[in-house]
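**Q** Attaching a single structure in structure tokens format; questions to follow.
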Amino acid sequence: MIMISSFLKRHFFISSISKLYCTKVENRQVFPFTAIIGQTNMKLALILNIIDPRIGGVMSMGDRGTGKSTVVRSLVDLLPKIQVVNDDPFNSHPSNIDLMSQDVKNLKMEGKPIYTNFIKTPMIDLPLGATEDRVCGSIDIEKALLNGAKAFEPGLLAKANRGILYVDEVNLLDDHLVDILLDSAAGGWNTVEREGISIVHPARFILIGSGNPEEGELRPQLLDRFGMHVRIKTIKDPISRVNIVERRSNFDKNADDFLKDYEYLQDFLKNRIVNARDSLKDVKIDYQYKVNIAELCSKLNIDGLRGDIVTNRAVKAFVALNSRKAVLDKDIFSVLSLCLIHRLKKNPLESIDSNQHVVTVFKEIFGYSD
């Protein structure tokens, strides 16, 4: 009895510290997205995924200290608030069945009132040493010991539902966990089977990974399942480097004033994203463009059809972001490398740059000459 009591006290203490830490993290001030210099492709890839999460997430690889995690975390202030059911650990939507937990579905079927509130779109960081139970969920040991009942303790996938799940150094994460993340992100559901019980809950989120290529690459099979891939290099221009340092110093010195300076740009971009989400369904791609994209993927010798699907979705999101409804050649060119560069087969004997290869094939298919 004494052992159980001390265990519960320790468990409660750790749980309390964790909740306190999470509260501080959620309330911290974040460097504004529009104040970030450079990283154009990274910012574009993230915005397009916010507009259409079905694109499949972003994988960014680059040098240390290039601000990969800063860009991702700055997304928080651009995301609109979402309506969730009160006291629901899965951020359930009050009316969309596909985004509801089973408990909320039962309330709806029984005709009971459902109370809601608005919260910031969740941004969940997945620690490098996270276990499968921490990611997927586990049995609540406290309730099992006290009540003899098997209760589900939601994991990070539950918290990330309808939000963003960010994994820094994803290339160092166990392949099995990366598989779980990619499966959940693609299917929109997480299934947990523990101790004779089976739990299924919605897990629809945008998966964003980052890493340093010097510490190892992701396996091609896993890399292919990310919708977009971005290579980030250290900025060499001295003026740009000075501007980056000055902006960071100003933010650290007085974050409130710095945020006010970028409030207009932040609101402007946020409105563009909201409008693009609303108009996405109205964007159409001509059949010939679809054929061109398919031919391009075929000529680049890309396995499977993920490249075709992601490119079509990314192009539509890009057009919506630019407040148009018709796709042009330049729209396809703007997103092509982001969608396909990581799907190309590596040939160590070729001297041509992968990105240049994509551009050359694009010009050939779309009728452009050098």
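Identifiers for the structure tokens are assigned positionally: chains receive A, B, ... in sequence, residues are indexed from 1 per chain, and ligands are indexed from 1 in the order shown.
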For A:Gly57, please output as a PyMOL selection string all residues within 6 Å (counting only C-alpha atoms; exclusion window: fewer than 4 positions along the same chain).
**A** chain A and resi 206-208+226-227
**Q** For stretch 29-83 of chain A against stretch 120-132 of chain A, with a cut-off of 12 Å and counting only C-alpha atoms, what is the closest atom pair and its distance in Å to one decimal for every residue that makes the cut, ordered by chain and number, as a Markdown table?
**A**
```
| residue | atom | partner | partner_atom | distance |
| --- | --- | --- | --- | --- |
| A:Ile50 | CA | A:Thr121 | CA | 11.0 |
| A:Ser69 | CA | A:Asp125 | CA | 10.2 |
| A:Val72 | CA | A:Met123 | CA | 9.3 |
| A:Arg73 | CA | A:Met123 | CA | 7.7 |
| A:Ser74 | CA | A:Met123 | CA | 10.1 |
| A:Leu75 | CA | A:Met123 | CA | 8.7 |
| A:Val76 | CA | A:Met123 | CA | 6.8 |
| A:Asp77 | CA | A:Lys120 | CA | 8.6 |
| A:Leu78 | CA | A:Thr121 | CA | 9.4 |
| A:Leu79 | CA | A:Thr121 | CA | 6.1 |
| A:Pro80 | CA | A:Thr121 | CA | 6.5 |
| A:Lys81 | CA | A:Lys120 | CA | 4.5 |
| A:Ile82 | CA | A:Thr121 | CA | 6.0 |
| A:Gln83 | CA | A:Lys120 | CA | 9.0 |
```
**Q** Could you find all residues in stretch 129-361 of chain A that DSSP calls helix (DSSP H, G or I) from the backbone, and write them as number ranges by chain?
**A** A: 132-136, 141-147, 156-159, 170-172, 175-187, 213-215, 220-223, 238-253, 255-261, 263-282, 287-299, 306-321, 329-343, 354-361
**Q** Do you have, as CSV, the list of residues of stretch 222-311 of chain A lying at most 10 Å from stretch 333-336 of chain A, each with its nearest atom pair and that distance in Å to one decimal, counting only C-alpha atoms and ordered by chain then number?
**A**
```
residue,atom,partner,partner_atom,distance
A:Met228,CA,A:Val335,CA,9.1
A:Ile293,CA,A:Leu336,CA,9.1
A:Leu296,CA,A:Leu336,CA,9.8
A:Cys297,CA,A:Leu336,CA,10.0
A:Gly307,CA,A:Leu336,CA,9.3
A:Val310,CA,A:Leu336,CA,9.6
A:Thr311,CA,A:Leu336,CA,6.6
```
**Q** Please measure the separation of atom CA of A:Arg343 and atom CA of A:Leu165, giving the value in Å to one decimal.
**A**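 These atoms are spaced 22.5 Å apart.
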